[in-house]
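Shown next, in structure tokens, is the structure this report addresses.
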2 protein chains.
Amino acid sequence: MEKIKPRTLSGFMELLPAEQAKMDKIMAALRENYSLYGFTALDTPVIESAPVLLAKGGGETEKQIYRFTKGDSDLALRFDLTVPLAKYVALNYASLAFPFRRYQIGKVYRGERAQRGRFREFYQADIDIIGDGKLDIMNEAEIPSIIYRTLISLGLTRFRIRVNNRKVLNGFYAMLGLSEKSGDIMRTVDKLDKIGKEKLRELLIGEELMLSEKDADEILGFIEISGTNSEVLAALENYRGRNELLDTGLDELGTVAKCLGAFGVPEENFAVDLTIARGLDYYTGTVYETMLLDYPEIGSVCSGGRYDNLAEYYTDKQLPGVGISIGLTRLFYVLSEQGLLSDETITAPAEVLVIPMTDSPAAAVETATFLRNKGIRTQLYCENKKFKAKMSYADKMGFPYIILLGEDEISSNRVSLKNMKSGEQEALGLETASEKILAFIAESAKVKPIKEKEKN
Amino acid sequence: MEKIKPRTLSGFMELLPAEQAKMDKIMAALRENYSLYGFTALDTPVIESAPVLLAKGGGETEKQIYRFTKGDSDLALRFDLTVPLAKYVALNYASLAFPFRRYQIGKVYRGERAQRGRFREFYQADIDIIGDGKLDIMNEAEIPSIIYRTLISLGLTRFRIRVNNRKVLNGFYAMLGLSEKSGDIMRTVDKLDKIGKEKLRELLIGEELMLSEKDADEILGFIEISGTNSEVLAALENYRGRNELLDTGLDELGTVAKCLGAFGVPEENFAVDLTIARGLDYYTGTVYETMLLDYPEIGSVCSGGRYDNLAEYYTDKQLPGVGISIGLTRLFYVLSEQGLLSDETITAPAEVLVIPMTDSPAAAVETATFLRNKGIRTQLYCENKKFKAKMSYADKMGFPYIILLGEDEISSNRVSLKNMKSGEQEALGLETASEKILAFIAESAKVKPIKEKEKN
């Protein structure tokens, strides 16, 4: 028979079992943390009606979209989880209670140019809180604590959640009479980290933006405000009373910063940062970025913000919300590239491999059943192979333990439990062996999927 | 702004939060059970190269497939999880250890005619064990125990795993010199349940099959063999020695049945059933079907079997395997239709809603943080609403508990914990309140997602 060469499309992540186990551990941690904050899990279709999905239309996204017809239907694959959420909330408005808090971890599709580390199918892990008409600022204040708890549970500690407020920015530029140019200015200011202060000033007064030197200095003075959160907030108080929107923004930023302690977020993992703006059209209040201190080149690993109207393309209802998103596939890829995925994660599909050494597998089957009844992931190995091949299989799969059952063990009502890491092997009663394995499971549950190392 | 009417495509399941919570509980049980048997979790792309996906080509499936181009690429959405597995194993053969045991729970796509209870996007939950060249019969013997444990953990008890062996069937028909007609005969025999014995006999001797009366009676005698498993196996021994394939099949069937006890499968949940055959071309050994005793009209909820060559379209390697599949979306749909999804499943996104009754939410935030640190799913409710609206939200969402924090509670360092089901409300220290909620969580973890009821 002629063979077709098997292949996986480029831009599509398909992991080997051990890597997949690491990915699954990260996903499980995200689910657990999002659930701790009372977000409900949603699952929406991968395929949507193209006119519905592209209601907002236009732009870069539309070129990247996977769109096709089937029969008479004009279909498209979702390119993010926000538009499906908007559709879902508009469609099910009457059945939902608000605030509606949902998380969704799902694959989205963008036909980008194939490139190392760029994916065409990738997981996003999103949370959003949607209000009906209004949504209290406390929801914005809670978001940093969700980011903090999630990253800590993944094993990260050296990160900073950077927070700003779009009302502060928009109010500030309105105060200077620069509202019309504010989008362009913010895009330019966003380059500060890369180009430095001098170059930024040149751009501000340059022919594109044509700001006055006075305005440029005002802007530089403003974005350079730094220090502890209370120092930044205190410095910002100097601007109070000059623009209403700015004042509201200062109140909101103050509320968000003030709640950190009660939410359990340490000061060092949080920074009010006036340079960040995030997507210019969409966000209207608090905005978030999260940087890994030792890996700034990765960019923000968790971003989002407050928006005023989730579903305006579908409904007249005003549905303000706040949300954050983790680009999970890309994050996994860069963590893996940087060697930050912990080696201590159990990547074998079971804690123990039971190997019969006699003709009858009956004792091995009973042993496996006993262990599974205890909740221990157990694989039975019954292939007719030489001992060496069996051990080589156990090694390659990375089982933490194996159990050998020969005539001696069966007649003495024991099992030989071998710790594959230490090489230690002992003959034990099955109950005792299972307790050992359960203790190991409890211990390895504490292993976090990411192991930080400071960069050289 | 002109609005686009939001809608979800027909044939695509999109659940409201409470239903989604029930679905997620079923999925979690499947993952847990599959993991107990040492299956590794795989995640393959939804989109594959169409020529790769359709290597086998032809047939009904190809018409239903979602196929499209993007740039120069001829793409298709996966229509099952078996072909992607074959591709994966062929592609990664050198990196995998065999037997390779994987489970995958993922969405697949078939553009079937829209029809009630038929889905175009649906979850399959598959497990497969793939051998390299050979695969021991014990792997086939283990499958019923996986089915049994999984269904029990879902809350089902009144089901029967029906098992047959294609070698027995093929050997039997070869013995009668009817190998060429065996496919047609098996398709006809498969109707026994529906049409009864008399009508079946008519079809066997009718103009389509044109069997002799003697052969028809041999066949009827064979498929009517029934009784306990040991009675059926004993009756089958009468056929031994007349055909080699049949003899091998009898040995295999005997091994599978003999291991039940050691695998913990009760006799009443298992039946050797000579009438079942499953997909005619693909399976070569043990085949499985699982019927709900009170809902035979649902058909088999978990089916599969042994096959000789997983990936022949991609590789010369002989890769025999055994696998089963649950059509999860359809199963969920019929369970829901039949009212079999348990009402006791917690469908709220959190165990407790914390409601501040004072101007400052600080105490509520600290309370929520405390509870989350204990692992309790906790939602904070800070909307500026009347008390009645807050309670109505708690009701609608179905939180098992709420915590109210007013001046009295804060000054006495207590919380008011209200059990929303019983209506009981008590002022407690936070530690005591959290213990109550944790006890409730431990109790409700025992609730199974399906609640059987005998049919009227």
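By convention here, the chains of the structure tokens are called A, B, ... in the order presented, each chain's residues are numbered starting at 1, and ligands are numbered starting at 1 in the order presented.
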- Message: I'd like the neighbourhood of stretch 431-436 of chain A as a count of residues only, where a residue qualifies if any of its atoms comes within 8 Å (using only C-alpha atoms), though same-chain residues fewer than 5 positions away should be ignored.
- Response: 5
- Hey, what does DSSP flag as strand (DSSP E or B) within stretch 257-355 of chain B? Can you give it to me as a PyMOL selection string? chain B and resi 270-272+283-292+303-307+321-327+341+352-355
- Using only C-alpha atoms, which of A:Ser212, A:Asn139, A:Thr188, A:Thr286 sits nearest chain B? A:Asn139
Skip A:Ser416 itself and residues of its chain fewer than 2 positions away, then list as a CSV table (one decimal) with C-alpha atoms, in the first residue's frame all residues within 10 Å of it, counting only C-alpha atoms.
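The resulting file, out.csv, is shown below:
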chain,number,residue,atom,x,y,z
A,354,VAL,CA,2.8,-3.5,37.8
A,355,ILE,CA,4.8,-6.3,36.1
A,402,ILE,CA,7.4,-0.4,39.6
A,403,ILE,CA,5.9,-3.5,41.3
A,404,LEU,CA,7.3,-6.9,40.4
A,405,LEU,CA,5.3,-10.0,41.1
A,406,GLY,CA,7.1,-13.3,40.9
A,408,ASP,CA,8.3,-15.6,45.7
A,409,GLU,CA,6.2,-12.5,46.1
A,410,ILE,CA,2.9,-14.3,45.4
A,414,ARG,CA,4.0,-9.5,49.2
A,418,LYS,CA,11.0,-0.6,43.4
A,419,ASN,CA,11.6,3.2,43.6
A,425,GLN,CA,13.6,-2.2,46.1
A,426,GLU,CA,11.8,-3.8,49.0
A,427,ALA,CA,9.3,-6.7,49.6
A,428,LEU,CA,6.2,-5.3,51.2
A,429,GLY,CA,2.7,-6.1,52.0
A,430,LEU,CA,0.4,-4.5,49.3
A,433,ALA,CA,3.4,-0.5,49.4
Please, which residues in chain A fall within 6 Å of chain B when counting only C-alpha atoms, and what is the closest atom pair and distance in Å to one decimal for each, ordered by chain then residue number, as a Markdown table?
| residue | atom | partner | partner_atom | distance |
| --- | --- | --- | --- | --- |
| A:Lys3 | CA | B:Tyr314 | CA | 5.0 |
| A:Ile4 | CA | B:Tyr314 | CA | 5.1 |
| A:Lys5 | CA | B:Tyr314 | CA | 5.8 |
| A:Pro6 | CA | B:Lys87 | CA | 5.4 |
| A:Glu14 | CA | B:Thr44 | CA | 5.5 |
| A:Leu36 | CA | B:Arg377 | CA | 4.0 |
| A:Tyr37 | CA | B:Thr378 | CA | 5.3 |
| A:Gly38 | CA | B:Ala350 | CA | 4.6 |
| A:Phe39 | CA | B:Pro349 | CA | 5.6 |
| A:Thr40 | CA | B:Pro349 | CA | 4.7 |
| A:Thr44 | CA | B:Glu14 | CA | 5.5 |
| A:Lys87 | CA | B:Pro6 | CA | 5.4 |
| A:Leu91 | CA | B:Pro6 | CA | 5.7 |
| A:Asp136 | CA | B:Glu383 | CA | 5.4 |
| A:Ala262 | CA | B:Glu366 | CA | 5.0 |
| A:Phe263 | CA | B:Thr369 | CA | 5.7 |
| A:Tyr313 | CA | B:Lys3 | CA | 5.1 |
| A:Tyr314 | CA | B:Lys3 | CA | 5.0 |
| A:Pro349 | CA | B:Thr40 | CA | 4.7 |
| A:Ala350 | CA | B:Gly38 | CA | 4.6 |
| A:Val365 | CA | B:Ala262 | CA | 5.8 |
| A:Glu366 | CA | B:Ala262 | CA | 5.0 |
| A:Thr369 | CA | B:Phe263 | CA | 5.7 |
| A:Arg372 | CA | B:Leu36 | CA | 6.0 |
| A:Arg377 | CA | B:Leu36 | CA | 4.0 |
| A:Thr378 | CA | B:Tyr37 | CA | 5.3 |
| A:Gln379 | CA | B:Gly38 | CA | 4.7 |
| A:Glu383 | CA | B:Asp136 | CA | 5.4 |
- Task: Using atom CA of B:Leu292 and atom CA of B:Arg158 as the two end points, give the distance in Å to one decimal.
- Result: 6.1 Å
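The neighbours of stretch 178-181 of chain B here are the residues that come within 10 Å of it, using only C-alpha atoms and leaving out any residue fewer than 4 positions away in the same chain; they are Leu169, Asn170, Gly171, Phe172, Tyr173, Ala174, Ile185, Met186, Leu209, Met210, Leu211 and Asp215 of chain B.
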- Message: I'd like the neighbourhood of stretch 197-202 of chain B as number ranges by chain, where a residue qualifies if any of its atoms comes within 9 Å (using only C-alpha atoms), though same-chain residues fewer than 4 positions away should be ignored.
- Response: B: 188-189, 191-193, 206, 213, 216-217, 220
Kindly export the residues of the current selection with N, CA and C atoms, as an mmCIF file, in the first residue's frame.
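Resulting contents of selection_25.cif:
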data_model
loop_
_atom_site.group_PDB
_atom_site.id
_atom_site.type_symbol
_atom_site.label_atom_id
_atom_site.label_comp_id
_atom_site.auth_asym_id
_atom_site.auth_seq_id
_atom_site.Cartn_x
_atom_site.Cartn_y
_atom_site.Cartn_z
ATOM 1 N N THR B 188 -27.157 -8.422 9.227
ATOM 2 C CA THR B 188 -28.536 -8.881 9.378
ATOM 3 C C THR B 188 -28.790 -9.367 10.806
ATOM 4 N N VAL B 189 -27.831 -10.152 11.314
ATOM 5 C CA VAL B 189 -27.962 -10.682 12.680
ATOM 6 C C VAL B 189 -28.057 -9.543 13.696
ATOM 7 N N LYS B 191 -29.726 -7.128 13.651
ATOM 8 C CA LYS B 191 -31.109 -6.638 13.786
ATOM 9 C C LYS B 191 -31.955 -7.504 14.712
ATOM 10 N N LEU B 192 -31.374 -8.593 15.217
ATOM 11 C CA LEU B 192 -32.146 -9.548 16.014
ATOM 12 C C LEU B 192 -33.006 -8.879 17.086
ATOM 13 N N ASP B 193 -32.387 -7.984 17.859
ATOM 14 C CA ASP B 193 -33.115 -7.315 18.930
ATOM 15 C C ASP B 193 -34.375 -6.637 18.417
ATOM 16 N N GLY B 206 -33.802 -15.719 2.808
ATOM 17 C CA GLY B 206 -34.463 -14.928 1.770
ATOM 18 C C GLY B 206 -33.572 -14.718 0.552
ATOM 19 N N GLU B 213 -31.462 -23.659 4.689
ATOM 20 C CA GLU B 213 -32.180 -23.724 5.967
ATOM 21 C C GLU B 213 -31.256 -24.251 7.053
ATOM 22 N N ALA B 216 -28.948 -21.477 8.135
ATOM 23 C CA ALA B 216 -29.718 -20.490 8.901
ATOM 24 C C ALA B 216 -29.953 -21.012 10.317
ATOM 25 N N ASP B 217 -30.285 -22.271 10.432
ATOM 26 C CA ASP B 217 -30.526 -22.833 11.760
ATOM 27 C C ASP B 217 -29.240 -22.925 12.576
ATOM 28 N N LEU B 220 -28.723 -19.376 13.762
ATOM 29 C CA LEU B 220 -29.666 -19.028 14.838
ATOM 30 C C LEU B 220 -29.294 -19.750 16.122
#
- Message: as an NGL selection string, please: every residue in stretch 25-271 of chain A that DSSP puts in alpha helix (DSSP H).
- Response: :A and (25-36 or 50-53 or 59-64 or 82-91 or 137-154 or 166-175 or 182-189 or 192-205 or 213-223 or 229-236 or 244-258 or 260-263)
- Task: Have a look at atom CA of A:Asn269 and atom CA of A:Ile161 and let me know their distance in Å, one decimal.
- Result: 5.9 Å
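If you look at atom CA of A:Phe387 and atom CA of A:Met420, they are 15.1 Å away from each other.
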Spatial neighbours of B:Glu443, 12 Å, only C-alpha atoms, chain gap at least 6 places, as a short mmCIF file (atom, residue, chain, number, x, y, z; two decimals) with N, CA and C atoms, in the first residue's frame:
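Output contents, as saved in result.cif:
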data_model
loop_
_atom_site.label_atom_id
_atom_site.label_comp_id
_atom_site.auth_asym_id
_atom_site.auth_seq_id
_atom_site.Cartn_x
_atom_site.Cartn_y
_atom_site.Cartn_z
N GLU B 344 -28.18 17.09 42.34
CA GLU B 344 -27.36 17.40 43.51
C GLU B 344 -25.98 17.94 43.15
N THR B 345 -25.66 17.91 41.87
CA THR B 345 -24.40 18.51 41.44
C THR B 345 -24.41 20.00 41.77
N ILE B 346 -23.33 20.50 42.36
CA ILE B 346 -23.23 21.94 42.61
C ILE B 346 -22.97 22.63 41.28
N LYS B 436 -17.09 24.45 58.27
CA LYS B 436 -18.43 24.02 57.83
C LYS B 436 -18.49 23.87 56.32
N ILE B 437 -17.96 24.87 55.64
CA ILE B 437 -18.01 24.84 54.17
C ILE B 437 -17.14 23.72 53.62
#
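For the choices A:Ile276, A:Ala257, A:Val334, A:Leu319, the atom-to-atom distance to A:Gly304 is smallest for A:Ile276 when using only C-alpha atoms.
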